[in-house]
Amino acid sequence: WACASWVRCQTGWVPLALLVGAIVVFRCDGVLLLAPLTMHLLVSRTLTLTQVVTVGVLAGGASLAATVALDSLMWRRLLWPEGEVLWFNTVENRSSEWGVMPFHWYFTSALPRCLLAPLLLAPLGAILDRRALPIFAVAVAFILLYSNLPHKELRFIFPAVPLLNACSAVTVARFYNNRNKPSWFWRLGWLGCVGALLASLAAAVVFFLASRCNYPGGQALQELHQMHAAQSEAPLSPSVHIGVFPAMTGVSRFGELPPPWVYSKEEGIQLDQLSSRNFTYLLSSENDVPGFNQVKAIEGFQRLKILKGFPFLEVVRSPQVFIHVEKRAA
């Protein structure tokens with residue numbers, strides 16, 4: 001909403017207030033988008049420094065009061081959720097515990113996979129239409145600032161995606177509107193836009209075929225529930241231990257069943273210790289666990305194979321998540 005109101009050239013304080021509220025309540029790292037956006041509002045004289053401070057204090061104070069009151073009531077302790085996230089990521093600098101990527105990763109890996117061919121059209125839009133230049137500049141500045149954080153995930157830069165897509169759309173619109181002009185620049189440009197969109201469509205289909213096989217953990221949990229329900233003498237209080245890999249590939253609280261089912265994602269348990277923890281079932285990336293019988297293997301994406309004939313591509317899968325049942329329960 002904040003970015004949309006800014007792109008639509010609404011009153012300057014509206015996108016600023018919306019973004020400050022989103023930062024305080026939902027995503028504290030949105031401050032990296034707030035910085036270049038505020039700079040643009042100041043440089044373009046859309047807002048004065050006094051207005052920026054006033055809007056920031058009022059919107060931030062109101063949002064902080066609302067989130068602390070509601071979240072403290074829900075969690076039964078004094079709590080500002082995004083404040084704890086900010087402390088974890090900046091003061092303690094512990095986000096790198098979840099992995100690190102090089103500085104250029106967003107530009108060389110994440111954005112090309114996310115935007116595909118239209119990524120090439122975004123900077124051209126900023127050149128062809130000066131109104132798109134601030135949009136492009138703010139998006140790039142936001143990503144550059146985020147690139148300084150060692151731990152990187154595509155979802156962190158999602159706010160920049162619609163901004164870059166808007167710049168790409170400017171390019172397509174400009175070439176489309178001028179496609180009948182005698183200049184070869186406009187004609188070739190329009191053909192290039194069509195080719196880019198078709199290439200992106202083809203790539204999206206391929207990515208879809210691959211990504212639909214990327215959640216063997218979630219499929220394993222669903223099939224475990226079905227297997228348990230089909231047993232005539234199923235344990236009355238089943239407990240499930242979920243390994244790291246299944247938890248990363250689709251297992252979530254949304255797939256769990258209510259009590260008496262019990263689920264554990266406790267880490268650090270050795271394979272030979274699982275049988276002593278009284279788990280009824282295991283979802284594991286290991287195909288052999290002492291004290292348990294493997295009852296089913298769930299396949300996941302391994303690679304793409306090029307075929308000589310239609311459909312030209314085949315998704316090759318391999319066993320990745322295994323369902324185990326306790327030998328005494330079996």
# chains A, B, ... in the order shown; residues from 1 in each chain; ligands from 1
$ select_by_dssp --residues "segment 25-264 of chain A" --states "alpha helix (DSSP H)" --output "VMD selection string"
chain A and resid 25 31 to 43 49 to 75 81 to 86 105 111 to 115 118 to 128 133 to 147 160 to 177 184 to 211 216 to 230 244 to 248
$ residues_around --residues "segment 269-285 of chain A" --least-positions-apart "3" --cutoff "8 Å" --atoms "only C-alpha atoms" --output "PyMOL selection string"
chain A and resi 217+220-221+235+238-246+266+289-292+320-326+329
$ closest_residue --among "A:Leu64, A:Val170, A:Val100, A:Leu37" --to "Val24 of chain A" --atoms "only C-alpha atoms"
A:Leu64
$ atom_distance --atom1 "atom CA of Phe310 of chain A" --atom2 "atom CA of Val206 of chain A"
13.8 Å
$ closest_atom_pairs --of "segment 32-149 of chain A" --to "segment 179-203 of chain A" --cutoff "12 Å" --atoms "only C-alpha atoms" --output "tab-separated table"
residue	atom	partner	partner_atom	distance
A:Pro112	CA	A:Ser200	CA	10.5
A:Arg113	CA	A:Ala203	CA	9.2
A:Cys114	CA	A:Ser200	CA	10.0
A:Leu115	CA	A:Ser200	CA	8.2
A:Leu116	CA	A:Ser200	CA	5.7
A:Ala117	CA	A:Ala196	CA	5.3
A:Pro118	CA	A:Ala196	CA	6.5
A:Leu119	CA	A:Ala196	CA	9.5
A:Leu120	CA	A:Ala196	CA	8.7
A:Leu121	CA	A:Cys193	CA	7.9
A:Ala122	CA	A:Cys193	CA	11.3
A:Leu124	CA	A:Gly189	CA	10.6
A:Gly125	CA	A:Cys193	CA	11.7
A:Leu128	CA	A:Trp186	CA	11.5
$ write_last_selection --atoms "C-alpha atoms" --output "PDB file, in the first residue's frame"
ATOM      1  CA  PRO A 112      17.043 -13.023 -12.058  1.00  0.00           C
ATOM      2  CA  ARG A 113      15.163 -16.069 -10.738  1.00  0.00           C
ATOM      3  CA  CYS A 114      12.317 -13.944  -9.421  1.00  0.00           C
ATOM      4  CA  LEU A 115      11.763 -11.430 -12.222  1.00  0.00           C
ATOM      5  CA  LEU A 116      13.249 -13.444 -15.107  1.00  0.00           C
ATOM      6  CA  ALA A 117      13.542 -11.558 -18.422  1.00  0.00           C
ATOM      7  CA  PRO A 118      11.578  -8.423 -17.320  1.00  0.00           C
ATOM      8  CA  LEU A 119      14.501  -7.641 -15.010  1.00  0.00           C
ATOM      9  CA  LEU A 120      16.396  -6.513 -18.124  1.00  0.00           C
ATOM     10  CA  LEU A 121      13.557  -4.135 -19.012  1.00  0.00           C
ATOM     11  CA  ALA A 122      13.473  -2.330 -15.655  1.00  0.00           C
ATOM     12  CA  LEU A 124      15.419   0.716 -19.647  1.00  0.00           C
ATOM     13  CA  GLY A 125      12.106   1.968 -18.250  1.00  0.00           C
ATOM     14  CA  LEU A 128      12.759   5.970 -21.390  1.00  0.00           C
TER      15      LEU A 128
END
$ atom_distance --atom1 "atom CA of Ala160 of chain A" --atom2 "atom CA of Ala204 of chain A"
19.5 Å
$ residues_around --residues "Gly30 of chain A" --least-positions-apart "6" --cutoff "8 Å" --atoms "only C-alpha atoms" --output "PDB file with C-alpha atoms, in the first residue's frame"
ATOM      1  CA  LEU A  19       5.439   2.495   5.539  1.00  0.00           C
ATOM      2  CA  ALA A  22       4.307  -1.439   8.445  1.00  0.00           C
ATOM      3  CA  ILE A  23       7.855  -1.208   9.792  1.00  0.00           C
TER       4      ILE A  23
END
$ atom_distance --atom1 "atom CA of Gly12 of chain A" --atom2 "atom CA of Arg131 of chain A"
15.6 Å
$ select_by_dssp --residues "segment 5-242 of chain A" --states "strand (DSSP E or B)" --output "list of chain:residue names"
A:Ser239, A:Val240, A:His241, A:Ile242
$ write_last_selection --atoms "N, CA and C atoms" --output "mmCIF file, in the first residue's frame"
data_model
loop_
_atom_site.group_PDB
_atom_site.id
_atom_site.type_symbol
_atom_site.label_atom_id
_atom_site.label_comp_id
_atom_site.auth_asym_id
_atom_site.auth_seq_id
_atom_site.Cartn_x
_atom_site.Cartn_y
_atom_site.Cartn_z
ATOM 1 N N SER A 239 2.844 -39.695 18.457
ATOM 2 C CA SER A 239 3.811 -38.595 18.535
ATOM 3 C C SER A 239 4.746 -38.692 17.336
ATOM 4 N N VAL A 240 5.086 -37.546 16.777
ATOM 5 C CA VAL A 240 5.870 -37.492 15.553
ATOM 6 C C VAL A 240 7.085 -36.606 15.770
ATOM 7 N N HIS A 241 8.251 -37.123 15.427
ATOM 8 C CA HIS A 241 9.447 -36.273 15.403
ATOM 9 C C HIS A 241 9.724 -35.880 13.961
ATOM 10 N N ILE A 242 9.906 -34.582 13.749
ATOM 11 C CA ILE A 242 10.102 -34.032 12.404
ATOM 12 C C ILE A 242 11.542 -33.566 12.285
#
$ residues_around --residues "segment 2-6 of chain A" --least-positions-apart "5" --cutoff "12 Å" --atoms "only C-alpha atoms" --output "ChimeraX atom specification"
/A:11-23,30,33-34,37-38,40-41,46,131-132,134-135,138-139,158-164,166
